file input-v8.pdb (PDB, C-alpha atoms)
ATOM      1  CA  MET G   1    -143.370 -35.217 -24.426
ATOM      2  CA  GLU G   2    -145.934 -37.308 -22.573
ATOM      3  CA  LEU G   3    -148.255 -35.520 -20.152
ATOM      4  CA  PRO G   4    -149.631 -37.161 -17.005
ATOM      5  CA  LYS G   5    -152.884 -39.048 -17.546
ATOM      6  CA  TYR G   6    -154.863 -36.604 -15.378
ATOM      7  CA  ILE G   7    -154.036 -33.659 -17.669
ATOM      8  CA  ARG G   8    -157.020 -32.753 -19.844
ATOM      9  CA  GLY G   9    -155.918 -29.310 -21.016
ATOM     10  CA  ALA G  10    -152.724 -27.579 -22.146
ATOM     11  CA  ILE G  11    -152.159 -23.825 -21.966
ATOM     12  CA  PHE G  12    -149.323 -22.377 -24.014
ATOM     13  CA  ASP G  13    -147.356 -19.173 -23.853
ATOM     14  CA  LEU G  14    -146.500 -18.067 -27.385
ATOM     15  CA  ASP G  15    -143.350 -15.952 -27.829
ATOM     16  CA  GLY G  16    -140.322 -18.106 -27.111
ATOM     17  CA  THR G  17    -142.485 -21.138 -26.289
ATOM     18  CA  LEU G  18    -144.484 -21.987 -29.419
ATOM     19  CA  LEU G  19    -143.321 -19.186 -31.701
ATOM     20  CA  ASP G  20    -139.670 -18.548 -32.527
ATOM     21  CA  SER G  21    -140.218 -14.787 -32.355
ATOM     22  CA  LEU G  22    -137.740 -13.436 -29.796
ATOM     23  CA  SER G  23    -135.091 -12.351 -32.301
ATOM     24  CA  ALA G  24    -137.727 -10.425 -34.288
ATOM     25  CA  TRP G  25    -138.755  -8.493 -31.167
ATOM     26  CA  ALA G  26    -135.103  -7.809 -30.333
ATOM     27  CA  ASP G  27    -134.684  -6.288 -33.804
ATOM     28  CA  VAL G  28    -137.761  -4.092 -33.242
ATOM     29  CA  ASP G  29    -136.270  -2.836 -29.965
ATOM     30  CA  VAL G  30    -132.996  -1.908 -31.670
ATOM     31  CA  ARG G  31    -134.774  -0.036 -34.476
ATOM     32  CA  PHE G  32    -137.125   1.747 -32.077
ATOM     33  CA  PHE G  33    -134.301   3.119 -29.917
ATOM     34  CA  GLN G  34    -131.973   3.866 -32.843
ATOM     35  CA  LYS G  35    -134.670   6.080 -34.346
ATOM     36  CA  ARG G  36    -134.446   8.175 -31.164
ATOM     37  CA  GLY G  37    -130.656   8.195 -31.007
ATOM     38  CA  LEU G  38    -130.626   5.761 -28.109
ATOM     39  CA  LYS G  39    -129.331   2.288 -27.346
ATOM     40  CA  VAL G  40    -131.498  -0.489 -25.972
ATOM     41  CA  PRO G  41    -131.317  -0.136 -22.156
ATOM     42  CA  PRO G  42    -129.555  -2.934 -20.242
ATOM     43  CA  ASP G  43    -131.779  -5.950 -19.536
ATOM     44  CA  TYR G  44    -134.643  -4.199 -21.323
ATOM     45  CA  TYR G  45    -136.129  -7.307 -22.916
ATOM     46  CA  ASN G  46    -136.070  -9.329 -19.689
ATOM     47  CA  ILE G  47    -137.971  -6.535 -17.947
ATOM     48  CA  ILE G  48    -140.702  -6.005 -20.552
ATOM     49  CA  LYS G  49    -141.198  -9.555 -21.822
ATOM     50  CA  THR G  50    -144.075 -10.304 -19.434
ATOM     51  CA  MET G  51    -145.805  -6.958 -20.136
ATOM     52  CA  ASP G  52    -148.454  -6.319 -22.751
ATOM     53  CA  LEU G  53    -147.729  -3.588 -25.297
ATOM     54  CA  TYR G  54    -149.457  -0.830 -23.346
ATOM     55  CA  GLU G  55    -147.574  -1.653 -20.148
ATOM     56  CA  ALA G  56    -144.318  -1.825 -22.117
ATOM     57  CA  ALA G  57    -145.051   1.565 -23.691
ATOM     58  CA  LEU G  58    -145.695   3.179 -20.306
ATOM     59  CA  TYR G  59    -142.527   1.626 -18.887
ATOM     60  CA  THR G  60    -140.380   2.659 -21.866
ATOM     61  CA  LYS G  61    -141.791   6.183 -21.891
ATOM     62  CA  ALA G  62    -140.968   6.659 -18.194
ATOM     63  CA  LEU G  63    -137.578   4.927 -18.407
ATOM     64  CA  CYS G  64    -136.303   7.022 -21.327
ATOM     65  CA  GLY G  65    -138.246  10.249 -20.769
ATOM     66  CA  LEU G  66    -139.930  10.004 -24.167
ATOM     67  CA  ASP G  67    -142.589  12.446 -25.345
ATOM     68  CA  ASP G  68    -144.341   9.841 -27.490
ATOM     69  CA  PRO G  69    -147.919   8.965 -26.472
ATOM     70  CA  PRO G  70    -148.132   5.288 -25.413
ATOM     71  CA  GLU G  71    -150.644   4.583 -28.179
ATOM     72  CA  ALA G  72    -148.258   5.926 -30.821
ATOM     73  CA  MET G  73    -145.425   3.791 -29.442
ATOM     74  CA  MET G  74    -147.630   0.712 -29.567
ATOM     75  CA  GLU G  75    -148.597   1.349 -33.172
ATOM     76  CA  GLU G  76    -144.967   1.916 -34.131
ATOM     77  CA  TRP G  77    -143.960  -1.422 -32.608
ATOM     78  CA  LEU G  78    -146.893  -3.174 -34.261
ATOM     79  CA  SER G  79    -146.158  -1.672 -37.663
ATOM     80  CA  MET G  80    -142.599  -3.037 -37.469
ATOM     81  CA  ILE G  81    -143.476  -6.518 -36.229
ATOM     82  CA  ARG G  82    -146.841  -7.269 -37.871
ATOM     83  CA  GLU G  83    -145.359  -8.416 -41.180
ATOM     84  CA  GLU G  84    -142.876 -10.667 -39.379
ATOM     85  CA  TYR G  85    -145.698 -12.576 -37.668
ATOM     86  CA  ALA G  86    -147.843 -12.711 -40.775
ATOM     87  CA  LEU G  87    -145.122 -13.865 -43.163
ATOM     88  CA  ARG G  88    -141.912 -15.022 -41.541
ATOM     89  CA  ILE G  89    -141.956 -16.021 -37.856
ATOM     90  CA  SER G  90    -141.757 -19.791 -37.521
ATOM     91  CA  MET G  91    -142.964 -22.155 -34.840
ATOM     92  CA  LYS G  92    -140.460 -23.866 -32.579
ATOM     93  CA  GLU G  93    -139.189 -27.178 -33.916
ATOM     94  CA  GLY G  94    -141.861 -29.856 -33.580
ATOM     95  CA  ALA G  95    -144.391 -27.492 -31.983
ATOM     96  CA  ALA G  96    -147.014 -27.700 -34.744
ATOM     97  CA  GLN G  97    -146.890 -31.489 -34.743
ATOM     98  CA  TYR G  98    -147.152 -31.587 -30.953
ATOM     99  CA  ILE G  99    -150.203 -29.303 -30.965
ATOM    100  CA  GLU G 100    -151.851 -31.486 -33.603
ATOM    101  CA  ARG G 101    -151.089 -34.594 -31.577
ATOM    102  CA  LEU G 102    -152.534 -33.201 -28.334
ATOM    103  CA  HIS G 103    -155.668 -32.094 -30.161
ATOM    104  CA  GLY G 104    -156.019 -35.558 -31.647
ATOM    105  CA  GLU G 105    -155.766 -37.069 -28.154
ATOM    106  CA  GLY G 106    -158.671 -34.912 -26.965
ATOM    107  CA  ILE G 107    -156.572 -32.478 -24.934
ATOM    108  CA  LEU G 108    -158.191 -29.025 -24.845
ATOM    109  CA  LEU G 109    -155.772 -26.305 -25.937
ATOM    110  CA  GLY G 110    -155.558 -22.684 -24.836
ATOM    111  CA  ILE G 111    -153.188 -19.741 -25.089
ATOM    112  CA  ALA G 112    -151.992 -17.407 -22.326
ATOM    113  CA  THR G 113    -149.863 -14.570 -23.669
ATOM    114  CA  SER G 114    -148.937 -10.920 -23.391
ATOM    115  CA  SER G 115    -148.903 -10.703 -27.187
ATOM    116  CA  SER G 116    -151.643  -9.182 -29.338
ATOM    117  CA  PRO G 117    -154.209 -11.328 -31.200
ATOM    118  CA  ASP G 118    -153.688  -9.366 -34.416
ATOM    119  CA  LEU G 119    -150.093 -10.605 -34.339
ATOM    120  CA  PHE G 120    -150.308 -14.201 -33.208
ATOM    121  CA  LEU G 121    -153.562 -15.312 -34.868
ATOM    122  CA  PRO G 122    -152.216 -14.827 -38.429
ATOM    123  CA  ALA G 123    -149.016 -16.656 -37.453
ATOM    124  CA  LEU G 124    -150.906 -19.613 -35.988
ATOM    125  CA  ALA G 125    -153.209 -19.698 -39.018
ATOM    126  CA  ARG G 126    -150.241 -19.687 -41.403
ATOM    127  CA  HIS G 127    -148.818 -22.734 -39.603
ATOM    128  CA  GLY G 128    -152.156 -24.529 -39.688
ATOM    129  CA  VAL G 129    -152.733 -24.772 -35.913
ATOM    130  CA  LYS G 130    -155.028 -21.826 -35.127
ATOM    131  CA  ASP G 131    -158.219 -23.886 -35.109
ATOM    132  CA  TYR G 132    -156.813 -26.421 -32.644
ATOM    133  CA  PHE G 133    -157.024 -23.836 -29.841
ATOM    134  CA  SER G 134    -160.347 -23.501 -28.020
ATOM    135  CA  SER G 135    -159.543 -20.072 -26.590
ATOM    136  CA  TYR G 136    -156.853 -17.500 -26.007
ATOM    137  CA  THR G 137    -156.289 -15.218 -23.033
ATOM    138  CA  ILE G 138    -154.083 -12.144 -22.962
ATOM    139  CA  THR G 139    -152.533 -10.595 -19.865
ATOM    140  CA  ARG G 140    -154.459  -7.379 -20.419
ATOM    141  CA  GLU G 141    -157.594  -9.293 -19.416
ATOM    142  CA  ALA G 142    -156.125 -10.242 -16.053
ATOM    143  CA  ARG G 143    -152.811  -9.251 -14.513
ATOM    144  CA  GLY G 144    -149.229  -9.730 -15.618
ATOM    145  CA  LYS G 145    -147.515 -13.090 -15.503
ATOM    146  CA  GLU G 146    -146.109 -12.365 -12.058
ATOM    147  CA  PHE G 147    -149.596 -13.511 -10.980
ATOM    148  CA  PRO G 148    -151.372 -16.777 -11.924
ATOM    149  CA  ASP G 149    -154.510 -14.912 -13.088
ATOM    150  CA  VAL G 150    -153.969 -15.253 -16.840
ATOM    151  CA  TYR G 151    -153.476 -19.010 -16.531
ATOM    152  CA  LEU G 152    -156.493 -19.359 -14.228
ATOM    153  CA  LEU G 153    -158.658 -17.457 -16.701
ATOM    154  CA  ALA G 154    -157.343 -19.604 -19.551
ATOM    155  CA  ALA G 155    -158.226 -22.772 -17.614
ATOM    156  CA  LYS G 156    -161.691 -21.404 -16.840
ATOM    157  CA  ARG G 157    -162.278 -20.799 -20.540
ATOM    158  CA  LEU G 158    -161.349 -24.410 -21.214
ATOM    159  CA  GLY G 159    -163.826 -25.480 -18.522
ATOM    160  CA  LEU G 160    -161.082 -27.193 -16.518
ATOM    161  CA  ALA G 161    -159.588 -26.972 -13.036
ATOM    162  CA  PRO G 162    -155.936 -25.853 -12.817
ATOM    163  CA  GLN G 163    -154.829 -29.261 -11.521
ATOM    164  CA  ASN G 164    -156.050 -30.812 -14.760
ATOM    165  CA  CYS G 165    -154.084 -28.405 -16.978
ATOM    166  CA  ALA G 166    -150.463 -28.162 -18.041
ATOM    167  CA  VAL G 167    -148.886 -24.751 -18.606
ATOM    168  CA  PHE G 168    -146.024 -24.492 -21.123
ATOM    169  CA  GLU G 169    -143.765 -21.469 -20.507
ATOM    170  CA  ASP G 170    -140.260 -20.293 -21.336
ATOM    171  CA  ILE G 171    -139.685 -17.856 -18.446
ATOM    172  CA  PRO G 172    -139.178 -18.580 -14.726
ATOM    173  CA  LEU G 173    -141.653 -15.886 -13.653
ATOM    174  CA  GLY G 174    -144.477 -17.462 -15.640
ATOM    175  CA  LEU G 175    -143.613 -20.958 -14.426
ATOM    176  CA  LYS G 176    -143.529 -19.760 -10.819
ATOM    177  CA  SER G 177    -146.956 -18.130 -11.141
ATOM    178  CA  ALA G 178    -148.491 -21.131 -12.885
ATOM    179  CA  LYS G 179    -147.121 -23.453 -10.227
ATOM    180  CA  ALA G 180    -148.592 -21.191  -7.526
ATOM    181  CA  GLY G 181    -151.936 -21.435  -9.348
ATOM    182  CA  GLY G 182    -151.940 -25.232  -9.049
ATOM    183  CA  PHE G 183    -150.951 -26.122 -12.628
ATOM    184  CA  TYR G 184    -148.645 -28.845 -13.924
ATOM    185  CA  THR G 185    -145.775 -26.826 -15.394
ATOM    186  CA  VAL G 186    -143.573 -27.534 -18.401
ATOM    187  CA  ALA G 187    -140.509 -25.360 -19.015
ATOM    188  CA  VAL G 188    -139.536 -24.896 -22.656
ATOM    189  CA  ARG G 189    -135.911 -23.881 -23.007
ATOM    190  CA  ASN G 190    -134.821 -21.191 -25.440
ATOM    191  CA  ALA G 191    -131.424 -19.672 -26.079
ATOM    192  CA  GLU G 192    -132.404 -16.219 -24.793
ATOM    193  CA  GLU G 193    -133.616 -17.366 -21.352
ATOM    194  CA  THR G 194    -130.829 -17.805 -18.811
ATOM    195  CA  GLY G 195    -132.976 -18.136 -15.687
ATOM    196  CA  ALA G 196    -133.383 -21.284 -13.631
ATOM    197  CA  LEU G 197    -136.353 -22.763 -15.478
ATOM    198  CA  GLY G 198    -136.321 -26.031 -13.579
ATOM    199  CA  ALA G 199    -136.962 -24.402 -10.200
ATOM    200  CA  TYR G 200    -140.699 -24.112 -10.884
ATOM    201  CA  ALA G 201    -141.180 -26.823 -13.510
ATOM    202  CA  ASP G 202    -142.549 -30.327 -13.243
ATOM    203  CA  ALA G 203    -140.848 -31.081 -16.562
ATOM    204  CA  VAL G 204    -138.211 -29.318 -18.697
ATOM    205  CA  ILE G 205    -137.935 -29.798 -22.449
ATOM    206  CA  ASP G 206    -135.467 -28.529 -25.043
ATOM    207  CA  ARG G 207    -137.796 -29.207 -27.981
ATOM    208  CA  PHE G 208    -141.267 -30.546 -28.641
TER     209      PHE G 208
END
call {"tool": "encode", "arguments": {"input": "input-v8.pdb", "output": "structure tokens"}}
result
Amino acid sequence: MELPKYIRGAIFDLDGTLLDSLSAWADVDVRFFQKRGLKVPPDYYNIIKTMDLYEAALYTKALCGLDDPPEAMMEEWLSMIREEYALRISMKEGAAQYIERLHGEGILLGIATSSSPDLFLPALARHGVKDYFSSYTITREARGKEFPDVYLLAAKRLGLAPQNCAVFEDIPLGLKSAKAGGFYTVAVRNAEETGALGAYADAVIDRF
């Protein structure tokens, strides 16, 4: 897609936006709860998808009355998913080519995600796009994606004002926050997201 001429930076969410990783996380959830004789709680993924791993561990522990320390839960999740990111998780169709194109046009590229660098950096490196990104920002450094903070920090690291940056997201909450922060917003559809993406998006795309 073509960005407006005044856009000098692009900030990308990862899971569900650039990386086709949602089904892998859904499988981790099933295995995690099965191990404890439980089923995945209703709407669980939609609730935790904007949380970082520590926040998700605290939420899951309280929701299900688990005795597991949050740190142990995090490591269990990471041990199940790490190999998927390193070896198997693909990028969304056309995403790698789009990133390369933006970089070639002089657009500064950043990441804003609730994921962990030890997961996504090997995946981006495997697909040959890691070095196109100037910086990455994780929600743990700011606040969750119900606030614009993570996008604002990502823009600051690119040395750009929000109004000169586009934010690519696949969830309405993130798009709403980015729009409130003054960003140009691009909604990236995925099969798992049923929310009204267009409500907070300047543009909506089905593929890159």
call {"tool": "closest_residue", "arguments": {"input": "input-v8.pdb", "among": "G:Ile89, G:Ala56, G:Ala161, G:Val40", "to": "Met73 of chain G", "atoms": "only C-alpha atoms"}}
result
G:Ala56
call {"tool": "closest_residue", "arguments": {"input": "input-v8.pdb", "among": "G:Pro162, G:Pro42, G:Pro117, G:Gly65", "to": "Lys179 of chain G", "atoms": "all atoms listed in the file"}}
result
G:Pro162
call {"tool": "residues_around", "arguments": {"input": "input-v8.pdb", "residues": "Gly106 of chain G", "least_positions_apart": "5", "cutoff": "10 Å", "atoms": "only C-alpha atoms", "output": "PyMOL selection string"}}
result
chain G and resi 8-9+101
call {"tool": "residues_near_point", "arguments": {"input": "input-v8.pdb", "point": "(-149.1, -26.8, -8.9)", "cutoff": "10 Å", "atoms": "only C-alpha atoms", "output": "VMD selection string"}}
result
chain G and resid 162 to 167 175 to 185 200 to 202
call {"tool": "closest_residue", "arguments": {"input": "input-v8.pdb", "among": "G:Glu75, G:Leu153, G:Leu197, G:Asp43", "to": "Ala57 of chain G", "atoms": "only C-alpha atoms"}}
result
G:Glu75
call {"tool": "atom_distance", "arguments": {"input": "input-v8.pdb", "atom1": "atom CA of Ala96 of chain G", "atom2": "atom CA of Ser134 of chain G"}}
result
15.5 Å
call {"tool": "residues_around", "arguments": {"input": "input-v8.pdb", "residues": "Leu102 of chain G", "least_positions_apart": "6", "cutoff": "9 Å", "atoms": "only C-alpha atoms", "output": "PyMOL selection string"}}
result
chain G and resi 9-10+108-109
call {"tool": "write_last_selection", "arguments": {"input": "input-v8.pdb", "atoms": "C-alpha atoms", "output": "CSV table (one decimal), keeping the file's coordinate frame"}}
result
chain,number,residue,atom,x,y,z
G,9,GLY,CA,-155.9,-29.3,-21.0
G,10,ALA,CA,-152.7,-27.6,-22.1
G,108,LEU,CA,-158.2,-29.0,-24.8
G,109,LEU,CA,-155.8,-26.3,-25.9
call {"tool": "residues_around", "arguments": {"input": "input-v8.pdb", "residues": "Ser115 of chain G", "least_positions_apart": "5", "cutoff": "9 Å", "atoms": "only C-alpha atoms", "output": "list in words"}}
result
Leu14, Asp15, Met51, Asp52, Leu53, Phe120, Ile138 and Thr139 of chain G
call {"tool": "resolve_selection", "arguments": {"input": "input-v8.pdb", "expression": "the PyMOL selection byres ((chain G and resi 87) around 12)", "output": "NGL selection string"}}
result
:G and (21 or 81-86 or 88-91 or 119-127)
call {"tool": "closest_residue", "arguments": {"input": "input-v8.pdb", "among": "G:Glu141, G:Asp170, G:Asp131, G:Glu100", "to": "Phe12 of chain G", "atoms": "all atoms listed in the file"}}
result
G:Asp170
call {"tool": "closest_residue", "arguments": {"input": "input-v8.pdb", "among": "G:Gly104, G:Gly159, G:Pro148, G:Gly174", "to": "Ala187 of chain G", "atoms": "only C-alpha atoms"}}
result
G:Gly174
call {"tool": "atom_distance", "arguments": {"input": "input-v8.pdb", "atom1": "atom CA of Asp206 of chain G", "atom2": "atom CA of Ile99 of chain G"}}
result
15.9 Å
call {"tool": "atom_distance", "arguments": {"input": "input-v8.pdb", "atom1": "atom CA of Tyr45 of chain G", "atom2": "atom CA of Ala199 of chain G"}}
result
21.3 Å
call {"tool": "closest_residue", "arguments": {"input": "input-v8.pdb", "among": "G:Ala196, G:Val28, G:Val204, G:Met80", "to": "Glu2 of chain G", "atoms": "all atoms listed in the file"}}
result
G:Val204
call {"tool": "resolve_selection", "arguments": {"input": "input-v8.pdb", "expression": "the PyMOL selection byres ((chain G and resi 137) around 10)", "output": "list in words"}}
result
Ile11, Asp13, Gly110, Ile111, Ala112, Thr113, Ser114, Ser115, Ser116, Pro117, Ser135, Tyr136, Ile138, Thr139, Arg140, Glu141, Ala142, Val150, Tyr151, Leu152, Leu153, Ala154, Ala155 and Arg157 of chain G
call {"tool": "residues_around", "arguments": {"input": "input-v8.pdb", "residues": "Asp67 of chain G", "least_positions_apart": "5", "cutoff": "12 Å", "atoms": "all atoms listed in the file", "output": "PDB file with C-alpha atoms, in the coordinates of the input"}}
result
ATOM      1  CA  ARG G  36    -134.446   8.175 -31.164  1.00  0.00           C
ATOM      2  CA  ALA G  57    -145.051   1.565 -23.691  1.00  0.00           C
ATOM      3  CA  LEU G  58    -145.695   3.179 -20.306  1.00  0.00           C
ATOM      4  CA  THR G  60    -140.380   2.659 -21.866  1.00  0.00           C
ATOM      5  CA  LYS G  61    -141.791   6.183 -21.891  1.00  0.00           C
ATOM      6  CA  ALA G  62    -140.968   6.659 -18.194  1.00  0.00           C
ATOM      7  CA  ALA G  72    -148.258   5.926 -30.821  1.00  0.00           C
ATOM      8  CA  MET G  73    -145.425   3.791 -29.442  1.00  0.00           C
TER       9      MET G  73
END
call {"tool": "build_atoms", "arguments": {"input": "input-v8.pdb", "residues": "segment 74-109 of chain G", "atoms": "N, CA and C atoms", "output": "mmCIF file, in the frame of the given file"}}
result
data_model
loop_
_atom_site.group_PDB
_atom_site.id
_atom_site.type_symbol
_atom_site.label_atom_id
_atom_site.label_comp_id
_atom_site.auth_asym_id
_atom_site.auth_seq_id
_atom_site.Cartn_x
_atom_site.Cartn_y
_atom_site.Cartn_z
ATOM 1 N N MET G 74 -147.079 2.028 -29.280
ATOM 2 C CA MET G 74 -147.630 0.712 -29.567
ATOM 3 C C MET G 74 -147.808 0.495 -31.063
ATOM 4 N N GLU G 75 -148.360 1.480 -31.738
ATOM 5 C CA GLU G 75 -148.597 1.349 -33.172
ATOM 6 C C GLU G 75 -147.283 1.271 -33.941
ATOM 7 N N GLU G 76 -146.268 1.990 -33.481
ATOM 8 C CA GLU G 76 -144.967 1.916 -34.131
ATOM 9 C C GLU G 76 -144.381 0.514 -34.007
ATOM 10 N N TRP G 77 -144.437 -0.048 -32.805
ATOM 11 C CA TRP G 77 -143.960 -1.422 -32.608
ATOM 12 C C TRP G 77 -144.738 -2.399 -33.488
ATOM 13 N N LEU G 78 -146.059 -2.258 -33.485
ATOM 14 C CA LEU G 78 -146.893 -3.174 -34.261
ATOM 15 C C LEU G 78 -146.626 -3.063 -35.753
ATOM 16 N N SER G 79 -146.418 -1.849 -36.231
ATOM 17 C CA SER G 79 -146.158 -1.672 -37.663
ATOM 18 C C SER G 79 -144.855 -2.346 -38.081
ATOM 19 N N MET G 80 -143.880 -2.406 -37.156
ATOM 20 C CA MET G 80 -142.599 -3.037 -37.469
ATOM 21 C C MET G 80 -142.676 -4.560 -37.382
ATOM 22 N N ILE G 81 -143.498 -5.082 -36.497
ATOM 23 C CA ILE G 81 -143.476 -6.518 -36.229
ATOM 24 C C ILE G 81 -144.589 -7.281 -36.935
ATOM 25 N N ARG G 82 -145.653 -6.591 -37.340
ATOM 26 C CA ARG G 82 -146.841 -7.269 -37.871
ATOM 27 C C ARG G 82 -146.507 -8.160 -39.066
ATOM 28 N N GLU G 83 -145.703 -7.642 -39.987
ATOM 29 C CA GLU G 83 -145.359 -8.416 -41.180
ATOM 30 C C GLU G 83 -144.528 -9.644 -40.833
ATOM 31 N N GLU G 84 -143.689 -9.520 -39.796
ATOM 32 C CA GLU G 84 -142.876 -10.667 -39.379
ATOM 33 C C GLU G 84 -143.770 -11.828 -38.951
ATOM 34 N N TYR G 85 -144.783 -11.525 -38.114
ATOM 35 C CA TYR G 85 -145.698 -12.576 -37.668
ATOM 36 C C TYR G 85 -146.510 -13.143 -38.834
ATOM 37 N N ALA G 86 -146.971 -12.271 -39.682
ATOM 38 C CA ALA G 86 -147.843 -12.711 -40.775
ATOM 39 C C ALA G 86 -147.108 -13.551 -41.808
ATOM 40 N N LEU G 87 -145.816 -13.253 -42.035
ATOM 41 C CA LEU G 87 -145.122 -13.865 -43.163
ATOM 42 C C LEU G 87 -143.898 -14.700 -42.816
ATOM 43 N N ARG G 88 -143.228 -14.421 -41.717
ATOM 44 C CA ARG G 88 -141.912 -15.022 -41.541
ATOM 45 C C ARG G 88 -141.698 -15.793 -40.241
ATOM 46 N N ILE G 89 -142.255 -15.373 -39.137
ATOM 47 C CA ILE G 89 -141.956 -16.021 -37.856
ATOM 48 C C ILE G 89 -142.396 -17.480 -37.888
ATOM 49 N N SER G 90 -141.487 -18.350 -37.486
ATOM 50 C CA SER G 90 -141.757 -19.791 -37.521
ATOM 51 C C SER G 90 -142.185 -20.283 -36.142
ATOM 52 N N MET G 91 -142.698 -21.496 -36.106
ATOM 53 C CA MET G 91 -142.964 -22.155 -34.840
ATOM 54 C C MET G 91 -141.700 -22.874 -34.393
ATOM 55 N N LYS G 92 -141.593 -23.113 -33.092
ATOM 56 C CA LYS G 92 -140.460 -23.866 -32.579
ATOM 57 C C LYS G 92 -140.478 -25.267 -33.189
ATOM 58 N N GLU G 93 -139.312 -25.866 -33.292
ATOM 59 C CA GLU G 93 -139.189 -27.178 -33.916
ATOM 60 C C GLU G 93 -140.129 -28.197 -33.259
ATOM 61 N N GLY G 94 -140.952 -28.817 -34.065
ATOM 62 C CA GLY G 94 -141.861 -29.856 -33.580
ATOM 63 C C GLY G 94 -143.117 -29.350 -32.907
ATOM 64 N N ALA G 95 -143.255 -28.037 -32.735
ATOM 65 C CA ALA G 95 -144.391 -27.492 -31.983
ATOM 66 C C ALA G 95 -145.718 -27.742 -32.690
ATOM 67 N N ALA G 96 -145.764 -27.514 -34.009
ATOM 68 C CA ALA G 96 -147.014 -27.700 -34.744
ATOM 69 C C ALA G 96 -147.470 -29.154 -34.670
ATOM 70 N N GLN G 97 -146.549 -30.068 -34.805
ATOM 71 C CA GLN G 97 -146.890 -31.489 -34.743
ATOM 72 C C GLN G 97 -147.368 -31.876 -33.342
ATOM 73 N N TYR G 98 -146.760 -31.287 -32.333
ATOM 74 C CA TYR G 98 -147.152 -31.587 -30.953
ATOM 75 C C TYR G 98 -148.560 -31.075 -30.671
ATOM 76 N N ILE G 99 -148.863 -29.864 -31.128
ATOM 77 C CA ILE G 99 -150.203 -29.303 -30.965
ATOM 78 C C ILE G 99 -151.235 -30.200 -31.657
ATOM 79 N N GLU G 100 -150.935 -30.615 -32.865
ATOM 80 C CA GLU G 100 -151.851 -31.486 -33.603
ATOM 81 C C GLU G 100 -152.068 -32.799 -32.861
ATOM 82 N N ARG G 101 -150.989 -33.331 -32.307
ATOM 83 C CA ARG G 101 -151.089 -34.594 -31.577
ATOM 84 C C ARG G 101 -151.958 -34.460 -30.330
ATOM 85 N N LEU G 102 -151.729 -33.402 -29.541
ATOM 86 C CA LEU G 102 -152.534 -33.201 -28.334
ATOM 87 C C LEU G 102 -154.015 -33.049 -28.693
ATOM 88 N N HIS G 103 -154.284 -32.278 -29.720
ATOM 89 C CA HIS G 103 -155.668 -32.094 -30.161
ATOM 90 C C HIS G 103 -156.284 -33.441 -30.548
ATOM 91 N N GLY G 104 -155.534 -34.243 -31.245
ATOM 92 C CA GLY G 104 -156.019 -35.558 -31.647
ATOM 93 C C GLY G 104 -156.279 -36.481 -30.474
ATOM 94 N N GLU G 105 -155.578 -36.261 -29.363
ATOM 95 C CA GLU G 105 -155.766 -37.069 -28.154
ATOM 96 C C GLU G 105 -156.902 -36.545 -27.283
ATOM 97 N N GLY G 106 -157.551 -35.460 -27.730
ATOM 98 C CA GLY G 106 -158.671 -34.912 -26.965
ATOM 99 C C GLY G 106 -158.278 -33.924 -25.889
ATOM 100 N N ILE G 107 -157.020 -33.488 -25.885
ATOM 101 C CA ILE G 107 -156.572 -32.478 -24.934
ATOM 102 C C ILE G 107 -157.077 -31.111 -25.401
ATOM 103 N N LEU G 108 -157.733 -30.371 -24.503
ATOM 104 C CA LEU G 108 -158.191 -29.025 -24.845
ATOM 105 C C LEU G 108 -157.012 -28.068 -24.815
ATOM 106 N N LEU G 109 -156.937 -27.171 -25.779
ATOM 107 C CA LEU G 109 -155.772 -26.305 -25.937
ATOM 108 C C LEU G 109 -156.157 -24.845 -25.791
#
